[in-house]
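start18.pdb, holding PDB, C-alpha atoms and all ligand atoms:
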```
ATOM      1  CA  MET A   1      13.903   9.530  27.747
ATOM      2  CA  GLU A   2      15.962   6.559  28.859
ATOM      3  CA  THR A   3      15.576   3.550  26.582
ATOM      4  CA  LYS A   4      13.741   0.756  28.363
ATOM      5  CA  LEU A   5      14.883  -2.771  27.608
ATOM      6  CA  TYR A   6      13.220  -6.082  28.484
ATOM      7  CA  PRO A   7      15.298  -9.252  28.831
ATOM      8  CA  SER A   8      15.452 -11.420  25.712
ATOM      9  CA  ARG A   9      17.123 -14.596  24.463
ATOM     10  CA  ILE A  10      18.017 -12.840  21.202
ATOM     11  CA  ASP A  11      21.725 -13.099  20.332
ATOM     12  CA  LEU A  12      22.421  -9.355  20.310
ATOM     13  CA  SER A  13      23.970  -7.699  23.364
ATOM     14  CA  GLY A  14      21.957  -5.376  25.576
ATOM     15  CA  GLU A  15      24.270  -2.555  24.570
ATOM     16  CA  VAL A  16      23.595  -3.077  20.862
ATOM     17  CA  ARG A  17      19.863  -3.527  21.417
ATOM     18  CA  ARG A  18      19.668  -0.331  23.476
ATOM     19  CA  SER A  19      21.408   1.721  20.772
ATOM     20  CA  VAL A  20      19.287   0.258  17.981
ATOM     21  CA  VAL A  21      16.020   0.665  19.916
ATOM     22  CA  THR A  22      16.849   4.332  20.639
ATOM     23  CA  LEU A  23      17.433   4.919  16.926
ATOM     24  CA  LEU A  24      14.332   2.947  15.898
ATOM     25  CA  ASN A  25      12.173   5.016  18.268
ATOM     26  CA  GLN A  26      13.435   8.198  16.568
ATOM     27  CA  THR A  27      12.471   6.631  13.246
ATOM     28  CA  LEU A  28       9.081   5.515  14.592
ATOM     29  CA  ALA A  29       8.237   9.078  15.664
ATOM     30  CA  ALA A  30       9.392  10.543  12.347
ATOM     31  CA  THR A  31       7.466   7.941  10.345
ATOM     32  CA  ILE A  32       4.220   8.480  12.281
ATOM     33  CA  ASP A  33       4.666  12.248  11.884
ATOM     34  CA  LEU A  34       5.348  11.896   8.144
ATOM     35  CA  LYS A  35       2.305   9.663   7.675
ATOM     36  CA  THR A  36      -0.005  12.170   9.412
ATOM     37  CA  GLN A  37       1.470  14.980   7.309
ATOM     38  CA  VAL A  38       0.782  13.029   4.109
ATOM     39  CA  LYS A  39      -2.795  12.453   5.303
ATOM     40  CA  GLN A  40      -3.109  16.182   5.981
ATOM     41  CA  ALA A  41      -2.161  16.763   2.319
ATOM     42  CA  HIS A  42      -4.530  13.967   1.166
ATOM     43  CA  TRP A  43      -7.474  15.665   2.856
ATOM     44  CA  ASN A  44      -6.721  19.311   2.092
ATOM     45  CA  VAL A  45      -5.143  19.519  -1.372
ATOM     46  CA  LYS A  46      -7.243  21.431  -3.920
ATOM     47  CA  GLY A  47      -6.890  22.381  -7.590
ATOM     48  CA  ILE A  48      -7.022  20.907 -11.077
ATOM     49  CA  ASN A  49      -4.969  17.825 -10.100
ATOM     50  CA  PHE A  50      -6.995  17.236  -6.938
ATOM     51  CA  TYR A  51      -8.061  13.683  -7.564
ATOM     52  CA  SER A  52      -4.727  12.211  -8.683
ATOM     53  CA  LEU A  53      -2.857  13.896  -5.808
ATOM     54  CA  HIS A  54      -5.583  12.932  -3.301
ATOM     55  CA  GLN A  55      -5.109   9.295  -4.386
ATOM     56  CA  LEU A  56      -1.307   9.415  -4.579
ATOM     57  CA  PHE A  57      -1.052  10.886  -1.070
ATOM     58  CA  ASP A  58      -3.304   8.155   0.310
ATOM     59  CA  GLU A  59      -1.229   5.459  -1.370
ATOM     60  CA  ILE A  60       1.937   6.912   0.192
ATOM     61  CA  ALA A  61       0.290   7.169   3.627
ATOM     62  CA  GLY A  62      -0.715   3.501   3.411
ATOM     63  CA  GLU A  63       2.863   2.504   2.626
ATOM     64  CA  LEU A  64       4.133   4.519   5.621
ATOM     65  CA  GLU A  65       1.519   2.867   7.852
ATOM     66  CA  ASP A  66       2.986  -0.540   6.973
ATOM     67  CA  TYR A  67       6.487   0.678   7.874
ATOM     68  CA  ILE A  68       5.250   2.156  11.175
ATOM     69  CA  ASP A  69       4.046  -1.280  12.237
ATOM     70  CA  THR A  70       7.227  -3.004  11.036
ATOM     71  CA  ILE A  71       9.469  -0.481  12.851
ATOM     72  CA  ALA A  72       7.464  -0.709  16.100
ATOM     73  CA  GLU A  73       7.538  -4.508  16.015
ATOM     74  CA  ARG A  74      11.298  -4.542  15.347
ATOM     75  CA  ILE A  75      11.626  -2.434  18.530
ATOM     76  CA  THR A  76       9.639  -4.953  20.546
ATOM     77  CA  ALA A  77      11.479  -7.896  18.945
ATOM     78  CA  LEU A  78      14.686  -6.341  20.300
ATOM     79  CA  GLY A  79      13.148  -6.129  23.778
ATOM     80  CA  GLY A  80      12.426  -2.423  23.530
ATOM     81  CA  LEU A  81       9.377  -0.328  24.314
ATOM     82  CA  ALA A  82       7.827   1.156  21.161
ATOM     83  CA  LEU A  83       7.070   4.850  21.725
ATOM     84  CA  GLY A  84       4.274   5.616  19.278
ATOM     85  CA  THR A  85       1.683   7.858  20.908
ATOM     86  CA  ALA A  86       0.751  11.174  19.300
ATOM     87  CA  GLU A  87       2.039  13.004  22.383
ATOM     88  CA  ILE A  88       5.493  11.437  22.165
ATOM     89  CA  VAL A  89       5.657  11.931  18.395
ATOM     90  CA  ALA A  90       4.797  15.629  18.780
ATOM     91  CA  HIS A  91       7.708  16.061  21.178
ATOM     92  CA  THR A  92      10.331  13.957  19.435
ATOM     93  CA  SER A  93       9.824  13.968  15.642
ATOM     94  CA  LEU A  94      12.762  15.296  13.650
ATOM     95  CA  LEU A  95      10.455  16.708  10.963
ATOM     96  CA  SER A  96       9.274  20.303  10.884
ATOM     97  CA  ALA A  97       5.590  20.984  11.461
ATOM     98  CA  TYR A  98       3.338  20.804   8.411
ATOM     99  CA  PRO A  99       2.102  24.186   7.153
ATOM    100  CA  LEU A 100      -1.638  24.658   7.664
ATOM    101  CA  ASP A 101      -2.090  27.571   5.275
ATOM    102  CA  ILE A 102      -1.269  25.840   1.981
ATOM    103  CA  VAL A 103      -3.856  24.755  -0.596
ATOM    104  CA  SER A 104      -2.544  23.999  -4.096
ATOM    105  CA  GLY A 105      -1.072  20.757  -5.346
ATOM    106  CA  THR A 106       2.305  22.413  -5.908
ATOM    107  CA  GLU A 107       2.420  23.764  -2.350
ATOM    108  CA  HIS A 108       1.606  20.357  -0.869
ATOM    109  CA  LEU A 109       4.092  18.600  -3.179
ATOM    110  CA  VAL A 110       6.887  20.993  -2.149
ATOM    111  CA  ALA A 111       6.041  20.688   1.566
ATOM    112  CA  LEU A 112       6.028  16.881   1.327
ATOM    113  CA  ALA A 113       9.168  16.683  -0.845
ATOM    114  CA  ASP A 114      11.064  18.797   1.727
ATOM    115  CA  ARG A 115      10.003  16.459   4.513
ATOM    116  CA  PHE A 116      10.646  13.290   2.517
ATOM    117  CA  ALA A 117      14.185  14.553   1.844
ATOM    118  CA  THR A 118      14.827  15.071   5.584
ATOM    119  CA  TYR A 119      13.321  11.684   6.394
ATOM    120  CA  ALA A 120      15.298   9.955   3.595
ATOM    121  CA  GLN A 121      18.548  11.345   5.011
ATOM    122  CA  HIS A 122      17.700  10.035   8.492
ATOM    123  CA  ILE A 123      16.901   6.582   7.088
ATOM    124  CA  ARG A 124      20.089   6.408   4.989
ATOM    125  CA  GLU A 125      22.232   7.375   7.990
ATOM    126  CA  ALA A 126      20.461   4.693  10.031
ATOM    127  CA  ILE A 127      21.409   2.003   7.470
ATOM    128  CA  ALA A 128      25.087   2.669   8.196
ATOM    129  CA  LYS A 129      24.652   3.128  11.966
ATOM    130  CA  THR A 130      22.808  -0.173  12.473
ATOM    131  CA  ASP A 131      25.284  -1.962  10.214
ATOM    132  CA  GLU A 132      28.170  -0.620  12.316
ATOM    133  CA  LEU A 133      26.345  -1.737  15.468
ATOM    134  CA  GLY A 134      26.167  -5.291  14.074
ATOM    135  CA  ASP A 135      22.388  -5.499  13.611
ATOM    136  CA  ALA A 136      22.165  -6.560   9.951
ATOM    137  CA  ASP A 137      18.426  -7.230  10.178
ATOM    138  CA  THR A 138      17.538  -3.697  11.269
ATOM    139  CA  SER A 139      19.992  -2.340   8.701
ATOM    140  CA  ASP A 140      18.169  -4.390   6.057
ATOM    141  CA  LEU A 141      14.832  -2.974   7.209
ATOM    142  CA  TYR A 142      16.239   0.551   6.896
ATOM    143  CA  THR A 143      17.537  -0.301   3.410
ATOM    144  CA  GLU A 144      14.072  -1.467   2.348
ATOM    145  CA  ILE A 145      12.474   1.724   3.687
ATOM    146  CA  SER A 146      15.183   3.854   2.090
ATOM    147  CA  ARG A 147      14.521   2.388  -1.348
ATOM    148  CA  ALA A 148      10.769   3.032  -1.030
ATOM    149  CA  ILE A 149      11.272   6.581   0.264
ATOM    150  CA  ASP A 150      13.689   7.471  -2.548
ATOM    151  CA  LYS A 151      11.046   6.252  -5.002
ATOM    152  CA  ARG A 152       8.318   8.322  -3.347
ATOM    153  CA  LEU A 153      10.549  11.403  -3.334
ATOM    154  CA  TRP A 154      10.966  10.848  -7.070
ATOM    155  CA  PHE A 155       7.147  10.621  -7.486
ATOM    156  CA  LEU A 156       6.715  13.916  -5.586
ATOM    157  CA  GLU A 157       9.526  15.722  -7.399
ATOM    158  CA  ALA A 158       8.412  14.470 -10.838
ATOM    159  CA  HIS A 159       5.269  16.620 -10.415
ATOM    160  CA  LEU A 160       7.495  19.657  -9.772
ATOM    161  CA  HIS A 161       9.580  19.343 -12.937
ATOM    162  CA  PRO A 162      10.257  22.761 -14.527
ATOM    163  CA  SER A 163       8.654  21.690 -17.828
ATOM    164  CA  ASP A 164       5.295  21.679 -16.047
ATOM    165  CA  ALA A 165       5.780  25.042 -14.319
TER     166      ALA A 165
HETATM  167 FE    FE A 201      -9.240   9.250   2.468
END
```
Please, can you express the file's structure as structure tokens?
Amino acid sequence: METKLYPSRIDLSGEVRRSVVTLLNQTLAATIDLKTQVKQAHWNVKGINFYSLHQLFDEIAGELEDYIDTIAERITALGGLALGTAEIVAHTSLLSAYPLDIVSGTEHLVALADRFATYAQHIREAIAKTDELGDADTSDLYTEISRAIDKRLWFLEAHLHPSDA
């Protein structure tokens, strides 16, 4: 899909804005996808640790929801069109589909940790790309998200430590 750009008085060139908006729309799709996958885990996890995982997954989904709005509004601040419908996300997200046949806490933690790792890599690469493009503000936003995602990956992986196996 060609990146649509509205005119703006912002002091970043159209070329830079177009590249950043294209990247941000990839991130928007991945973040919406990740949030729905975390909700899927929140609703369907079962087992002895049900309640703590049910709550943790909801807390993480809430954090992602905040980033979804911030990412979409950065796109529009740059004069872009935010592409955030479920249909677009289903076609463009870089994450693999969430398994529908898993039940236990461990299975959901592994499925989410795998996807958080993929997402974290995308975000870290975007920090450098937007910095190279000369958009320090978007790079800063990516850095903020990256720090939060690394922390959440730690939370997920801490449950999977071998000492608890
Ligand atoms: Fe809920």
- Task: Check which residues satisfy the PyMOL selection byres (((chain A and resi 90) around 12) and not hetatm) in the file shown, then give them as JSON, numbers by chain.
- Result: {"A": [26, 28, 29, 30, 31, 32, 33, 34, 36, 37, 83, 84, 85, 86, 87, 88, 89, 91, 92, 93, 94, 95, 96, 97, 98]}
- Proximity to A:Arg9 - best of A:Thr118, A:Leu78, A:His108, A:Ile71, all atoms listed in the file: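 Smallest distance to A:Arg9 is found for A:Leu78.
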- Two-atom distance - atom CA of A:Leu160, atom CA of A:Ile60 (Å):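 The value is 17.1 Å.
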- Test item: the PyMOL selection byres (((not hetatm)) within 12 of (chain A and resi 201)) resolved as an NGL selection string: :A and (36 or 38-45 or 51 or 53-62)
Create the file for the chosen residues now, containing C-alpha atoms and written as a tab-separated table (two decimals), in the coordinates of the input.
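Printed below is again.tsv as written:
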```tsv
chain	number	residue	atom	x	y	z
A	36	THR	CA	0.00	12.17	9.41
A	38	VAL	CA	0.78	13.03	4.11
A	39	LYS	CA	-2.80	12.45	5.30
A	40	GLN	CA	-3.11	16.18	5.98
A	41	ALA	CA	-2.16	16.76	2.32
A	42	HIS	CA	-4.53	13.97	1.17
A	43	TRP	CA	-7.47	15.66	2.86
A	44	ASN	CA	-6.72	19.31	2.09
A	45	VAL	CA	-5.14	19.52	-1.37
A	51	TYR	CA	-8.06	13.68	-7.56
A	53	LEU	CA	-2.86	13.90	-5.81
A	54	HIS	CA	-5.58	12.93	-3.30
A	55	GLN	CA	-5.11	9.30	-4.39
A	56	LEU	CA	-1.31	9.41	-4.58
A	57	PHE	CA	-1.05	10.89	-1.07
A	58	ASP	CA	-3.30	8.15	0.31
A	59	GLU	CA	-1.23	5.46	-1.37
A	60	ILE	CA	1.94	6.91	0.19
A	61	ALA	CA	0.29	7.17	3.63
A	62	GLY	CA	-0.72	3.50	3.41
```
- Task: Name the residues that the PyMOL selection byres (((chain A and resi 144-147) around 10) and not hetatm) picks from the file above, as a ChimeraX atom specification, using the file's chain letters and numbers.
- Result: /A:63-64,67,71,119-127,138-143,148-152
- Would you list the contacts of stretch 12-19 of chain A as a list in words, taking every protein, DNA or RNA residue within 9 Å and counting all atoms listed in the file, but skipping same-chain residues closer than 6 positions in sequence?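 Everything that qualifies: Thr3, Lys4, Leu5, Ile75, Leu78, Gly79, Gly80, Thr130, Leu133, Gly134 and Asp135 of chain A.
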- Give me, please, the distance in Å between atom CA of A:Val20 and atom CA of A:Glu73, quoted to one decimal.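 The value is 12.8 Å.
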- Task: Kindly give the distance, in Å, that separates atom CA of A:Arg74 and atom CA of A:Asn25, rounded to a single decimal.
- Result: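 Interatomic distance here is 10.0 Å.
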If I wrap all listed atoms of stretch 121-140 of chain A in a box with edges along x, y and z and add 6 Å on each side, what are its centre and edge lengths in Å to one decimal, as lines of an AutoDock Vina configuration file?
```
center_x = 22.5
center_y = 2.1
center_z = 10.2
size_x = 23.3
size_y = 30.6
size_z = 22.5
```
- Pick from A:Lys35, A:Lys46, A:Thr22, A:Leu112 nearest to A:Asp66, counting all atoms listed in the file: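 Looking at the shortest contact to A:Asp66, the residue is A:Lys35.
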- Message: Which residue is closest to A:Ala72? Choose from A:Ile48, A:Ala136, A:Leu153, A:Thr27 and count only C-alpha atoms.
- Response: A:Thr27
- Message: Given only C-alpha atoms as the basis, pick out the residue of A:Gly105, A:Asp114, A:Glu132, A:Tyr6 nearest to A:Ser52.
- Response: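 Once distances to A:Ser52 are computed over only C-alpha atoms, the minimum belongs to A:Gly105.
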- Item | Pick from A:Thr76, A:Ser163, A:Thr70, A:Thr106, whichever lies nearest to A:Phe50 using only C-alpha atoms |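 Among A:Thr76, A:Ser163, A:Thr70, A:Thr106, it is A:Thr106 that comes nearest to A:Phe50.
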